[in-house]
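Data from data21.txt: compact mmCIF, C-alpha atoms and all ligand atoms
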```txt
# COMPACT_ATOMS: atom_id res chain seq x y z
CA MET F 1 -23.83 -6.28 8.15
CA ALA F 2 -22.11 -9.66 8.49
CA GLN F 3 -21.39 -10.77 12.03
CA LEU F 4 -18.12 -11.92 13.54
CA SER F 5 -17.96 -14.89 15.85
CA ASP F 6 -17.68 -14.31 19.56
CA ASP F 7 -14.20 -15.72 20.09
CA CYS F 8 -12.41 -14.11 17.19
CA PHE F 9 -10.12 -11.93 19.29
CA ALA F 10 -9.95 -14.21 22.32
CA PHE F 11 -6.44 -14.54 23.64
CA GLY F 12 -5.37 -15.43 27.15
CA GLY F 13 -1.71 -14.41 27.22
CA PRO F 14 -0.30 -11.41 29.05
CA LEU F 15 1.59 -9.64 26.28
CA LEU F 16 1.14 -10.08 22.56
CA SER F 17 3.72 -9.40 19.87
CA VAL F 18 2.60 -7.64 16.72
CA GLU F 19 3.16 -10.87 14.75
CA GLN F 20 0.98 -12.88 17.16
CA ALA F 21 -1.76 -10.27 16.97
CA VAL F 22 -1.69 -10.21 13.18
CA ALA F 23 -1.64 -14.02 13.01
CA LEU F 24 -4.71 -14.19 15.27
CA ILE F 25 -6.50 -11.73 13.04
CA GLY F 26 -5.61 -13.74 9.93
CA ASP F 27 -6.67 -17.06 11.49
CA ARG F 28 -9.91 -16.04 13.12
CA LEU F 29 -11.51 -13.40 10.95
CA PRO F 30 -13.48 -13.80 7.75
CA ILE F 31 -13.53 -11.45 4.77
CA LEU F 32 -16.56 -9.21 5.30
CA ALA F 33 -16.49 -7.08 2.18
CA GLU F 34 -18.57 -8.40 -0.71
CA ALA F 35 -17.42 -8.09 -4.33
CA GLU F 36 -18.76 -5.47 -6.74
CA ALA F 37 -17.88 -4.65 -10.34
CA VAL F 38 -16.57 -1.14 -10.95
CA PRO F 39 -15.28 0.79 -13.97
CA PHE F 40 -11.64 1.91 -14.03
CA GLY F 41 -12.52 5.36 -12.72
CA GLU F 42 -13.50 3.83 -9.38
CA ALA F 43 -10.91 1.07 -9.18
CA ASP F 44 -7.70 2.79 -8.06
CA GLY F 45 -6.78 1.73 -4.52
CA ARG F 46 -9.55 -0.87 -4.33
CA ILE F 47 -8.95 -4.55 -3.52
CA ALA F 48 -9.21 -7.05 -6.38
CA ALA F 49 -11.90 -9.58 -5.44
CA GLU F 50 -10.84 -12.17 -8.03
CA ASP F 51 -7.83 -13.11 -10.09
CA VAL F 52 -7.78 -11.11 -13.31
CA VAL F 53 -6.87 -13.16 -16.39
CA ALA F 54 -5.49 -11.76 -19.66
CA ARG F 55 -7.94 -12.14 -22.53
CA ILE F 56 -5.35 -11.57 -25.25
CA ASP F 57 -1.59 -11.80 -25.73
CA LEU F 58 0.28 -8.60 -24.95
CA PRO F 59 1.51 -7.38 -27.36
CA ARG F 60 -1.11 -8.99 -29.57
CA PHE F 61 1.20 -8.98 -32.64
CA ASP F 62 4.92 -8.56 -33.36
CA ASN F 63 5.60 -4.85 -33.75
CA SER F 64 8.35 -2.28 -34.03
CA ALA F 65 9.82 -0.69 -30.91
CA VAL F 66 11.20 2.31 -32.84
CA ASP F 67 10.70 4.55 -35.84
CA GLY F 68 12.96 3.21 -38.62
CA TYR F 69 13.28 0.55 -41.30
CA ALA F 70 12.20 -3.10 -41.07
CA VAL F 71 14.24 -5.69 -42.95
CA ARG F 72 14.91 -9.40 -43.24
CA HIS F 73 18.15 -9.93 -41.38
CA SER F 74 19.16 -12.46 -44.03
CA ASP F 75 19.18 -9.65 -46.64
CA LEU F 76 22.02 -7.84 -44.80
CA ARG F 77 25.67 -8.08 -45.81
CA PRO F 78 27.74 -9.46 -42.95
CA ASP F 79 30.88 -7.51 -43.88
CA GLY F 80 29.77 -3.92 -44.50
CA GLU F 81 26.94 -1.50 -45.13
CA THR F 82 23.83 -2.78 -46.93
CA VAL F 83 21.94 -0.52 -49.34
CA LEU F 84 18.27 -1.44 -49.88
CA PRO F 85 15.45 0.19 -51.82
CA ILE F 86 12.42 1.22 -49.78
CA GLY F 87 9.67 -1.22 -50.67
CA GLY F 88 6.78 0.05 -48.57
CA ARG F 89 5.59 1.89 -45.49
CA VAL F 90 3.60 0.89 -42.41
CA ALA F 91 2.46 3.14 -39.55
CA ALA F 92 0.88 2.23 -36.20
CA GLY F 93 -2.68 1.05 -36.72
CA GLU F 94 -2.11 -0.06 -40.31
CA ALA F 95 -1.93 -3.60 -41.67
CA PRO F 96 1.36 -4.26 -43.48
CA GLY F 97 1.46 -5.48 -47.09
CA ASP F 98 3.75 -8.13 -48.57
CA VAL F 99 7.45 -7.43 -48.71
CA ALA F 100 9.60 -8.01 -51.80
CA ARG F 101 12.99 -9.66 -51.19
CA ALA F 102 15.88 -7.32 -50.44
CA THR F 103 13.81 -4.25 -49.62
CA ALA F 104 13.44 -2.19 -46.46
CA ILE F 105 10.04 -1.08 -45.17
CA ARG F 106 9.63 2.34 -43.58
CA ILE F 107 8.06 1.58 -40.19
CA PHE F 108 6.92 3.48 -37.10
CA THR F 109 6.75 2.60 -33.39
CA GLY F 110 3.89 0.21 -32.65
CA ALA F 111 3.29 -0.73 -36.30
CA PRO F 112 2.95 -4.46 -37.01
CA MET F 113 6.09 -6.11 -38.37
CA PRO F 114 5.60 -6.73 -42.12
CA PRO F 115 5.58 -10.44 -43.08
CA GLU F 116 9.02 -12.09 -43.04
CA THR F 117 10.80 -9.01 -41.67
CA ASP F 118 12.44 -9.63 -38.33
CA THR F 119 14.73 -6.70 -37.55
CA VAL F 120 14.28 -2.90 -37.35
CA PHE F 121 16.98 -0.26 -37.82
CA MET F 122 16.43 2.96 -35.88
CA GLN F 123 16.04 5.92 -38.22
CA GLU F 124 18.87 7.70 -36.35
CA ASP F 125 21.27 4.91 -37.37
CA VAL F 126 20.70 4.96 -41.16
CA ARG F 127 21.35 7.31 -44.09
CA LEU F 128 19.16 7.92 -47.12
CA ALA F 129 20.84 8.12 -50.51
CA ASP F 130 19.04 8.33 -53.89
CA GLY F 131 15.76 7.12 -52.41
CA ARG F 132 17.48 4.10 -50.89
CA VAL F 133 18.45 3.41 -47.29
CA VAL F 134 22.04 2.74 -46.21
CA LEU F 135 22.10 0.33 -43.27
CA PRO F 136 25.17 -0.02 -41.01
CA THR F 137 26.65 -3.43 -40.26
CA GLY F 138 26.49 -5.20 -36.93
CA LEU F 139 22.81 -5.01 -35.96
CA LYS F 140 21.63 -8.26 -34.34
CA LYS F 141 18.71 -10.24 -35.69
CA SER F 142 15.40 -9.31 -33.97
CA ALA F 143 16.73 -5.93 -32.82
CA ASN F 144 13.97 -3.39 -32.02
CA ARG F 145 11.25 -5.95 -32.59
CA ARG F 146 8.67 -6.55 -29.86
CA LEU F 147 7.38 -10.10 -29.85
CA ALA F 148 3.73 -11.03 -29.49
CA GLY F 149 3.09 -12.21 -25.93
CA GLU F 150 6.44 -11.03 -24.54
CA ASP F 151 4.68 -8.88 -21.92
CA THR F 152 1.98 -11.34 -20.89
CA ARG F 153 0.07 -14.17 -22.55
CA ARG F 154 -3.62 -14.85 -22.92
CA GLY F 155 -4.82 -16.92 -19.95
CA GLU F 156 -2.15 -15.68 -17.52
CA VAL F 157 -3.19 -14.24 -14.17
CA ILE F 158 -2.14 -10.60 -14.38
CA ILE F 159 -3.61 -9.43 -11.05
CA SER F 160 -4.14 -11.75 -8.09
CA ALA F 161 -7.17 -11.56 -5.83
CA GLY F 162 -6.38 -9.49 -2.75
CA ARG F 163 -4.09 -6.99 -4.47
CA ARG F 164 -4.65 -3.33 -3.74
CA LEU F 165 -4.99 -1.98 -7.26
CA ARG F 166 -2.47 0.59 -8.38
CA PRO F 167 -2.69 2.77 -11.49
CA GLN F 168 -0.29 0.46 -13.33
CA ASP F 169 -2.56 -2.53 -12.58
CA LEU F 170 -5.45 -0.66 -14.19
CA ALA F 171 -3.29 -0.01 -17.25
CA LEU F 172 -2.44 -3.71 -17.58
CA ALA F 173 -6.06 -4.78 -17.18
CA ALA F 174 -7.14 -2.26 -19.83
CA ALA F 175 -4.38 -3.44 -22.18
CA VAL F 176 -5.60 -7.04 -22.11
CA GLY F 177 -9.19 -6.17 -22.93
CA ILE F 178 -10.88 -5.74 -19.56
CA ASP F 179 -13.18 -2.79 -18.88
CA ARG F 180 -14.60 -3.47 -15.40
CA LEU F 181 -12.95 -4.96 -12.35
CA SER F 182 -14.40 -7.01 -9.55
CA VAL F 183 -13.35 -5.33 -6.29
CA ARG F 184 -14.30 -5.55 -2.63
CA ARG F 185 -16.70 -2.95 -1.35
CA ARG F 186 -15.11 -0.39 0.92
CA LEU F 187 -15.17 -1.21 4.62
CA ARG F 188 -17.24 1.12 6.76
CA VAL F 189 -15.42 2.37 9.82
CA ALA F 190 -17.05 4.43 12.56
CA VAL F 191 -14.61 6.72 14.39
CA PHE F 192 -15.09 8.23 17.86
CA SER F 193 -12.81 10.23 20.10
CA THR F 194 -13.29 9.91 23.85
CA GLY F 195 -12.60 12.12 26.82
CA ASN F 196 -14.26 14.94 28.73
CA GLU F 197 -11.26 17.14 27.97
CA ILE F 198 -11.52 16.68 24.20
CA ALA F 199 -12.97 19.62 22.23
CA GLU F 200 -13.58 20.10 18.52
CA PRO F 201 -10.81 21.74 16.50
CA GLY F 202 -11.42 25.49 16.43
CA ALA F 203 -13.71 25.45 19.50
CA ALA F 204 -13.01 27.78 22.43
CA LEU F 205 -11.18 25.80 25.09
CA ARG F 206 -12.39 25.57 28.68
CA PRO F 207 -9.68 25.19 31.34
CA GLY F 208 -8.17 21.71 30.98
CA ALA F 209 -9.55 21.12 27.51
CA VAL F 210 -7.51 20.10 24.44
CA HIS F 211 -8.46 20.08 20.78
CA ASP F 212 -9.29 16.74 19.21
CA SER F 213 -6.33 15.91 16.99
CA ASN F 214 -6.66 12.13 16.78
CA ARG F 215 -9.93 12.09 14.90
CA VAL F 216 -8.76 14.14 11.93
CA MET F 217 -5.61 12.02 11.67
CA LEU F 218 -7.44 8.71 12.00
CA ARG F 219 -10.08 9.72 9.48
CA ALA F 220 -7.45 10.69 6.94
CA LEU F 221 -5.36 7.56 7.51
CA LEU F 222 -8.40 5.29 7.28
CA GLY F 223 -9.34 7.01 4.04
CA ARG F 224 -5.88 6.25 2.69
CA LEU F 225 -6.42 2.63 3.68
CA GLY F 226 -9.50 2.60 1.47
CA ALA F 227 -12.18 2.73 4.17
CA GLU F 228 -15.41 4.70 4.11
CA VAL F 229 -15.28 6.66 7.35
CA ARG F 230 -18.24 7.71 9.49
CA ASP F 231 -17.12 10.43 11.86
CA LEU F 232 -19.22 10.10 14.99
CA GLY F 233 -17.64 12.79 17.11
CA ILE F 234 -16.50 12.87 20.72
CA LEU F 235 -17.73 10.60 23.52
CA PRO F 236 -17.72 11.87 27.12
CA ASP F 237 -16.07 9.90 29.93
CA ASP F 238 -19.38 8.35 30.85
CA VAL F 239 -19.96 4.61 30.63
CA ASP F 240 -23.66 4.80 29.88
CA GLU F 241 -23.23 7.27 27.07
CA VAL F 242 -20.25 5.43 25.56
CA ALA F 243 -22.15 2.13 25.70
CA ARG F 244 -25.21 3.66 24.12
CA GLN F 245 -23.32 5.26 21.24
CA LEU F 246 -21.11 2.23 20.52
CA ALA F 247 -24.19 0.02 20.36
CA ALA F 248 -25.93 2.49 18.06
CA ALA F 249 -22.97 2.69 15.68
CA ALA F 250 -22.08 -1.00 15.47
CA PRO F 251 -24.93 -2.28 13.26
CA HIS F 252 -24.02 0.19 10.50
CA CYS F 253 -20.33 -0.51 10.11
CA ASP F 254 -17.62 -3.17 9.85
CA LEU F 255 -15.38 -1.68 12.53
CA VAL F 256 -15.93 0.70 15.41
CA LEU F 257 -12.75 2.59 16.25
CA THR F 258 -12.21 4.81 19.26
CA SER F 259 -9.20 6.58 20.66
CA GLY F 260 -8.57 7.24 24.33
CA GLY F 261 -10.13 5.82 27.46
CA VAL F 262 -8.66 2.31 27.31
CA SER F 263 -5.98 2.51 29.99
CA THR F 264 -6.61 1.13 33.45
CA GLY F 265 -7.40 4.41 35.18
CA GLU F 266 -10.84 4.85 36.71
CA GLU F 267 -11.63 7.55 34.15
CA ASP F 268 -11.11 5.05 31.32
CA HIS F 269 -14.64 3.95 30.55
CA VAL F 270 -14.44 2.52 27.08
CA LYS F 271 -13.58 -1.02 28.17
CA THR F 272 -16.40 -1.15 30.68
CA ALA F 273 -18.81 0.17 28.06
CA VAL F 274 -17.77 -2.48 25.53
CA GLU F 275 -18.24 -5.18 28.16
CA ARG F 276 -21.73 -3.91 28.74
CA VAL F 277 -22.90 -3.95 25.13
CA GLY F 278 -20.61 -6.59 23.65
CA ARG F 279 -17.55 -8.58 24.47
CA LEU F 280 -14.17 -7.18 25.37
CA VAL F 281 -10.76 -8.66 24.87
CA PHE F 282 -7.94 -6.56 26.14
CA TRP F 283 -4.71 -6.80 24.21
CA ARG F 284 -1.50 -5.64 25.70
CA LEU F 285 0.65 -5.32 22.63
CA ALA F 286 4.37 -5.52 23.23
CA ILE F 287 5.02 -2.27 21.40
CA LYS F 288 5.97 1.24 22.41
CA PRO F 289 4.30 3.58 21.89
CA GLY F 290 1.02 1.75 21.69
CA ARG F 291 0.05 -0.27 24.68
CA PRO F 292 -2.76 -0.85 25.64
CA VAL F 293 -5.26 -1.59 22.92
CA ALA F 294 -8.80 -2.82 23.55
CA MET F 295 -10.21 -5.31 21.07
CA GLY F 296 -13.66 -6.71 21.10
CA LEU F 297 -17.02 -7.11 19.49
CA VAL F 298 -20.12 -4.99 19.71
CA ASP F 299 -23.18 -6.55 18.12
CA GLY F 300 -21.00 -8.82 15.97
CA THR F 301 -18.96 -5.86 14.71
CA ALA F 302 -15.24 -5.58 15.38
CA PHE F 303 -14.26 -2.98 17.95
CA VAL F 304 -10.80 -1.51 18.45
CA GLY F 305 -10.04 1.02 21.16
CA LEU F 306 -6.79 2.80 20.37
CA PRO F 307 -4.74 4.61 22.97
CA GLY F 308 -5.42 8.34 23.34
CA ASN F 309 -1.89 9.58 22.91
CA PRO F 310 -1.55 10.61 19.28
CA VAL F 311 1.73 8.82 18.49
CA ALA F 312 0.46 5.64 20.14
CA ALA F 313 -2.75 5.92 18.10
CA TYR F 314 -0.71 6.31 14.91
CA VAL F 315 1.52 3.31 15.64
CA THR F 316 -1.31 0.99 16.67
CA LEU F 317 -3.43 1.99 13.69
CA LEU F 318 -0.48 1.09 11.50
CA PHE F 319 0.53 -2.23 13.00
CA LEU F 320 -2.82 -3.53 14.23
CA VAL F 321 -5.77 -1.84 12.50
CA ARG F 322 -4.13 -1.87 9.07
CA PRO F 323 -3.79 -5.69 9.03
CA LEU F 324 -7.25 -6.02 10.56
CA LEU F 325 -8.80 -3.93 7.78
CA ALA F 326 -6.80 -5.85 5.19
CA ARG F 327 -8.28 -9.09 6.50
CA LEU F 328 -11.89 -7.90 6.75
CA GLY F 329 -11.59 -6.17 3.40
CA GLY F 330 -10.14 -9.16 1.54
CA ALA F 331 -6.72 -7.58 0.92
CA ASN F 332 -3.42 -9.40 1.05
CA ASP F 333 -1.83 -8.28 4.28
CA GLU F 334 1.36 -6.81 2.93
CA ALA F 335 3.72 -5.86 5.74
CA PRO F 336 4.92 -2.29 5.24
CA LEU F 337 8.28 -2.01 3.51
CA ALA F 338 11.20 -1.45 5.90
CA ILE F 339 14.38 0.05 4.52
CA PRO F 340 17.79 -0.63 6.09
CA VAL F 341 19.40 2.64 7.19
CA ARG F 342 22.32 3.52 9.47
CA SER F 343 21.59 4.79 12.93
CA ALA F 344 23.13 8.19 13.66
CA PHE F 345 21.93 8.02 17.25
CA ARG F 346 22.46 6.18 20.49
CA TYR F 347 19.43 4.95 22.41
CA GLY F 348 18.59 2.56 25.22
CA LYS F 349 15.33 0.64 25.51
CA LYS F 350 13.60 -2.04 27.58
CA GLU F 351 13.91 -5.63 26.48
CA GLY F 352 10.79 -7.57 25.49
CA ARG F 353 8.90 -4.97 23.53
CA ARG F 354 9.29 -3.51 20.09
CA GLU F 355 9.86 0.20 19.97
CA TYR F 356 9.22 2.69 17.19
CA VAL F 357 11.47 5.72 17.30
CA ARG F 358 10.63 8.69 15.09
CA ALA F 359 13.57 9.65 12.88
CA SER F 360 14.55 11.63 9.81
CA ILE F 361 16.83 10.51 7.01
CA ARG F 362 20.01 12.40 6.18
CA PRO F 363 22.10 11.28 3.20
CA ALA F 364 25.68 10.85 4.49
CA PRO F 365 28.85 11.81 2.55
CA ASP F 366 29.75 8.10 2.11
CA GLY F 367 26.49 7.47 0.23
CA GLN F 368 24.66 5.76 3.11
CA LEU F 369 21.38 6.93 4.60
CA ASP F 370 21.68 8.04 8.22
CA ALA F 371 18.68 8.00 10.56
CA VAL F 372 18.62 10.98 12.91
CA LYS F 373 16.33 10.52 15.92
CA PHE F 374 13.71 13.14 16.70
CA PRO F 375 14.89 14.75 19.95
CA ARG F 376 11.71 14.13 22.01
CA GLU F 377 10.19 10.69 22.50
CA GLY F 378 6.87 11.01 24.33
CA ALA F 379 3.77 9.28 22.95
CA GLY F 380 2.01 12.65 23.10
CA ILE F 381 4.58 14.54 21.03
CA LEU F 382 2.72 15.23 17.79
CA THR F 383 5.68 17.14 16.32
CA SER F 384 7.64 13.88 16.41
CA LEU F 385 5.29 12.66 13.67
CA THR F 386 5.27 15.87 11.65
CA GLY F 387 9.00 16.48 12.10
CA SER F 388 10.19 13.00 11.09
CA ASP F 389 10.46 11.03 7.86
CA GLY F 390 9.35 7.78 9.46
CA LEU F 391 9.75 5.18 12.18
CA VAL F 392 12.86 3.24 13.16
CA GLU F 393 11.93 -0.21 14.46
CA LEU F 394 13.93 -1.52 17.39
CA PRO F 395 13.23 -5.24 17.94
CA GLU F 396 12.12 -6.88 21.20
CA ALA F 397 15.56 -8.29 22.06
CA THR F 398 17.41 -5.01 21.53
CA THR F 399 18.36 -3.04 24.65
CA ARG F 400 20.52 -0.44 23.03
CA VAL F 401 21.33 0.89 19.61
CA SER F 402 24.53 2.77 18.79
CA GLU F 403 25.75 5.03 16.00
CA GLY F 404 26.65 3.07 12.88
CA GLU F 405 24.28 0.13 13.44
CA ILE F 406 21.91 -0.82 10.64
CA VAL F 407 18.24 -0.44 11.66
CA ARG F 408 14.90 -0.97 9.92
CA PHE F 409 13.19 2.23 8.84
CA TYR F 410 9.55 2.67 7.77
CA PRO F 411 9.12 5.92 5.78
CA HIS F 412 5.77 7.58 6.57
CA ALA F 413 5.34 8.05 2.82
CA LEU F 414 5.34 4.28 2.16
CA LEU F 415 2.97 3.36 4.97
CA TRP F 416 -0.38 4.67 3.80
P1 LIG F 501 -6.38 8.45 27.51
O1 LIG F 501 -5.95 7.27 26.72
O2 LIG F 501 -7.83 8.74 27.39
O3 LIG F 501 -5.93 8.35 28.92
O4 LIG F 501 -5.63 9.69 26.88
C1 LIG F 501 -4.22 9.78 26.88
C2 LIG F 501 -3.79 11.16 26.46
O5 LIG F 501 -4.18 11.39 25.11
C3 LIG F 501 -4.43 12.27 27.26
O6 LIG F 501 -3.48 13.29 27.44
C4 LIG F 501 -5.57 12.74 26.39
O7 LIG F 501 -5.94 14.07 26.63
C5 LIG F 501 -4.97 12.57 25.01
N1 LIG F 501 -6.01 12.35 24.03
C6 LIG F 501 -6.98 11.43 24.07
N2 LIG F 501 -7.79 11.52 23.00
C7 LIG F 501 -7.31 12.53 22.26
C8 LIG F 501 -7.70 13.12 21.03
N3 LIG F 501 -8.77 12.66 20.36
N4 LIG F 501 -6.97 14.14 20.53
C9 LIG F 501 -5.89 14.60 21.21
N5 LIG F 501 -5.46 14.08 22.36
C10 LIG F 501 -6.15 13.07 22.91
MG MG F 502 -9.28 9.85 28.25
```

Just give me the structure as structure tokens.
Amino acid sequence: MAQLSDDCFAFGGPLLSVEQAVALIGDRLPILAEAEAVPFGEADGRIAAEDVVARIDLPRFDNSAVDGYAVRHSDLRPDGETVLPIGGRVAAGEAPGDVARATAIRIFTGAPMPPETDTVFMQEDVRLADGRVVLPTGLKKSANRRLAGEDTRRGEVIISAGRRLRPQDLALAAAVGIDRLSVRRRLRVAVFSTGNEIAEPGAALRPGAVHDSNRVMLRALLGRLGAEVRDLGILPDDVDEVARQLAAAAPHCDLVLTSGGVSTGEEDHVKTAVERVGRLVFWRLAIKPGRPVAMGLVDGTAFVGLPGNPVAAYVTLLFLVRPLLARLGGANDEAPLAIPVRSAFRYGKKEGRREYVRASIRPAPDGQLDAVKFPREGAGILTSLTGSDGLVELPEATTRVSEGEIVRFYPHALLW
């Protein structure tokens, strides 16, 4: 596995904004994922490793956009209906023959325009009388004709390197003659939970124990981000054991991700363990929920220690790990789409940090979208994630938000 340089996360400041963190990641980290060629069946959601260039014009030839009759516009009477004999027929996939003057050609959607014809009447707009076609007046020249190259031209870049491929990108690549795409290999991410209290889902719970909920969420979210996840289970609150397992995992993956154990309490052993087997940089991100996050390197592999509280883990995965994976995986780091909505709540917050409030969207009678805050705020409240449509972002400088203000809203559905 490729190695990262020792200083890639180094940062001396006390509190880091999300933008600063993402900029550091972009500046210091290389792309780790090599390119591989894959067929379309494996390409959805993958990252384009190179620009994709059209091999042919699209469409390749002028063709009809409708079922109807192709004519020369110059054969039409300007002042009334035109009646033309039907001089031929061309369906999709056929090559058209020559066209006698002052005739109409029966044509179907996708069929090549017959030579010298330039306009197509929709069949719904004409009448047939005595084997001839009666064409109404007023149709513009070139109507219902698709021009060669109007979609894209041979030689144009149709997909840029770094794009996460969507089904419509695959369709465009196929249309211009491509059958395999060069994409980045999937990043390998090892995931651990930490904590003596953490038990597997479904296990009987000792006094004080809780089921592991972070790991199933993180695994699923990482999968949606295109990673290949190695689930490595639960680490105890024991420095030696954490150090041993992190060191064992690091050589086989591009990122080691943990949740829990990175606060400053004496039962938080993950940072100490990383220091022992690698290099630790501790980032205090100026976001709530989310602080603190441990960043570092173990054996040249990136390490991120997420907070243990589930909502904090969700938010930091989104705003920190997502751009980190984009960088290592060769993807353009596209900031998630924020939608302006109207606050239907009143809320006070501390200055100097960005806060993400869980909210649901309610269409208002005046046509606006109102954001209704989830009633409980704690970073451990899992139902605030399941019972909300997304996150309202309150900027660093904001100290209070009132009903009626426009706020930025990130729908969960657009994030992953
Ligand atoms: P920590 O960051 O280890 O202090 O954990 C903060 C809180 O998150 C504690 O209440 C932990 O029990 C809880 N927590 C940590 N890891 C998990 C996990 N994997 N699943 C559910 N809750 C967790
Ligand atoms: Mg813990």

Box along x, y and z, 6 Å on every side, all listed atoms of ligand LIG 501 (chain F) inside: centre and edge lengths in Å to one decimal, as JSON.
```
{"center_x": -6.1, "center_y": 10.9, "center_z": 24.6, "size_x": 17.3, "size_y": 19.3, "size_z": 20.6}
```

Inset, instruction - Set the cut-off to 7 Å, count only C-alpha atoms and all ligand atoms, and list whatever residues fall near ligand LIG 501 (chain F) as a list in words. - result: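 Listed by chain and ascending number, the contacts are Ser193, Thr194, Gly195, Glu197, Ile198, Val210, His211, Asp212, Ser213, Asn214, Arg215, Ser259, Gly260, Gly261, Val262, Ser263, Asp268, Pro307, Gly308, Asn309, Pro310 and Gly380 of chain F.
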
Inset, instruction - May I have the residues within 6 Å of segment 172-176 of chain F as a list in words, using all atoms listed in the file and disregarding those fewer than 4 positions away in the same chain? - result: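 Contacts, with the query itself left out: Ala54, Arg55 and Ile56 of chain F.
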
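Of the listed residues F:Arg163, F:Lys350, F:Arg400, F:His269, the one whose atoms come nearest to ligand MG 502 (chain F) is F:His269, with distances taken using only C-alpha atoms and all ligand atoms.
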
Legend entry - Residue with smallest distance to Leu15 of chain F - pool F:Ile361, F:Val293, F:Met217, F:Ala302, counting only C-alpha atoms: F:Val293

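You can rank F:Ala23, F:Leu205, F:Ala190, F:Val407 by their closest distance to Leu232 of chain F using all atoms listed in the file, and at the top of that list sits F:Ala190.
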
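Pairwise distance (atom CA of Val357 of chain F, atom CA of Gly296 of chain F) equals 28.3 Å.
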
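The two atoms in question, atom CA of Val18 of chain F and atom CA of Phe282 of chain F, are spaced 14.2 Å apart.
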
Inset, instruction - Give me the residues within 10 Å of Val120 of chain F as a PyMOL selection string, counting only C-alpha atoms and dropping any in the same chain fewer than 2 places off. - result: chain F and resi 63-73+104-108+113+117-118+122-123+139-145

Would you mind exporting C-alpha atoms of the selected residues as a PDB file, in the coordinates of the input?
```pdb
ATOM      1  CA  ASN F  63       5.600  -4.850 -33.750  1.00  0.00           C
ATOM      2  CA  SER F  64       8.350  -2.280 -34.030  1.00  0.00           C
ATOM      3  CA  ALA F  65       9.820  -0.690 -30.910  1.00  0.00           C
ATOM      4  CA  VAL F  66      11.200   2.310 -32.840  1.00  0.00           C
ATOM      5  CA  ASP F  67      10.700   4.550 -35.840  1.00  0.00           C
ATOM      6  CA  GLY F  68      12.960   3.210 -38.620  1.00  0.00           C
ATOM      7  CA  TYR F  69      13.280   0.550 -41.300  1.00  0.00           C
ATOM      8  CA  ALA F  70      12.200  -3.100 -41.070  1.00  0.00           C
ATOM      9  CA  VAL F  71      14.240  -5.690 -42.950  1.00  0.00           C
ATOM     10  CA  ARG F  72      14.910  -9.400 -43.240  1.00  0.00           C
ATOM     11  CA  HIS F  73      18.150  -9.930 -41.380  1.00  0.00           C
ATOM     12  CA  ALA F 104      13.440  -2.190 -46.460  1.00  0.00           C
ATOM     13  CA  ILE F 105      10.040  -1.080 -45.170  1.00  0.00           C
ATOM     14  CA  ARG F 106       9.630   2.340 -43.580  1.00  0.00           C
ATOM     15  CA  ILE F 107       8.060   1.580 -40.190  1.00  0.00           C
ATOM     16  CA  PHE F 108       6.920   3.480 -37.100  1.00  0.00           C
ATOM     17  CA  MET F 113       6.090  -6.110 -38.370  1.00  0.00           C
ATOM     18  CA  THR F 117      10.800  -9.010 -41.670  1.00  0.00           C
ATOM     19  CA  ASP F 118      12.440  -9.630 -38.330  1.00  0.00           C
ATOM     20  CA  MET F 122      16.430   2.960 -35.880  1.00  0.00           C
ATOM     21  CA  GLN F 123      16.040   5.920 -38.220  1.00  0.00           C
ATOM     22  CA  LEU F 139      22.810  -5.010 -35.960  1.00  0.00           C
ATOM     23  CA  LYS F 140      21.630  -8.260 -34.340  1.00  0.00           C
ATOM     24  CA  LYS F 141      18.710 -10.240 -35.690  1.00  0.00           C
ATOM     25  CA  SER F 142      15.400  -9.310 -33.970  1.00  0.00           C
ATOM     26  CA  ALA F 143      16.730  -5.930 -32.820  1.00  0.00           C
ATOM     27  CA  ASN F 144      13.970  -3.390 -32.020  1.00  0.00           C
ATOM     28  CA  ARG F 145      11.250  -5.950 -32.590  1.00  0.00           C
TER      29      ARG F 145
END
```

Inset, instruction - Can you work out which one of F:Arg185, F:Asp333, F:Cys253, F:Ala10 has the shortest atom-to-atom distance to Ala294 of chain F, counting all atoms listed in the file? - result: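 For Ala294 of chain F, the nearest of the candidates is F:Ala10.
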
Inset, instruction - For Pro167 of chain F, please output as a PyMOL selection string all residues within 12 Å (counting only C-alpha atoms; exclusion window: fewer than 2 positions along the same chain). - result: chain F and resi 40-46+164-165+169-174

Convert the current residue selection to file output with C-alpha atoms, as a tab-separated table (two decimals), keeping the file's coordinate frame.
```tsv
chain	number	residue	atom	x	y	z
F	40	PHE	CA	-11.64	1.91	-14.03
F	41	GLY	CA	-12.52	5.36	-12.72
F	42	GLU	CA	-13.50	3.83	-9.38
F	43	ALA	CA	-10.91	1.07	-9.18
F	44	ASP	CA	-7.70	2.79	-8.06
F	45	GLY	CA	-6.78	1.73	-4.52
F	46	ARG	CA	-9.55	-0.87	-4.33
F	164	ARG	CA	-4.65	-3.33	-3.74
F	165	LEU	CA	-4.99	-1.98	-7.26
F	169	ASP	CA	-2.56	-2.53	-12.58
F	170	LEU	CA	-5.45	-0.66	-14.19
F	171	ALA	CA	-3.29	-0.01	-17.25
F	172	LEU	CA	-2.44	-3.71	-17.58
F	173	ALA	CA	-6.06	-4.78	-17.18
F	174	ALA	CA	-7.14	-2.26	-19.83
```

Inset, instruction - Skip Thr137 of chain F itself and residues of its chain fewer than 6 positions away, then list as a PyMOL selection string all residues within 12 Å of it, counting only C-alpha atoms. - result: chain F and resi 73+75-83+121+125-126

Inset, instruction - Please identify all polymer residues within 9 Å of Val341 of chain F, counting all atoms listed in the file, omitting same-chain residues fewer than 4 positions from it, and present them as an NGL selection string. - result: :F and (361 or 368-371 or 392 or 405-409)
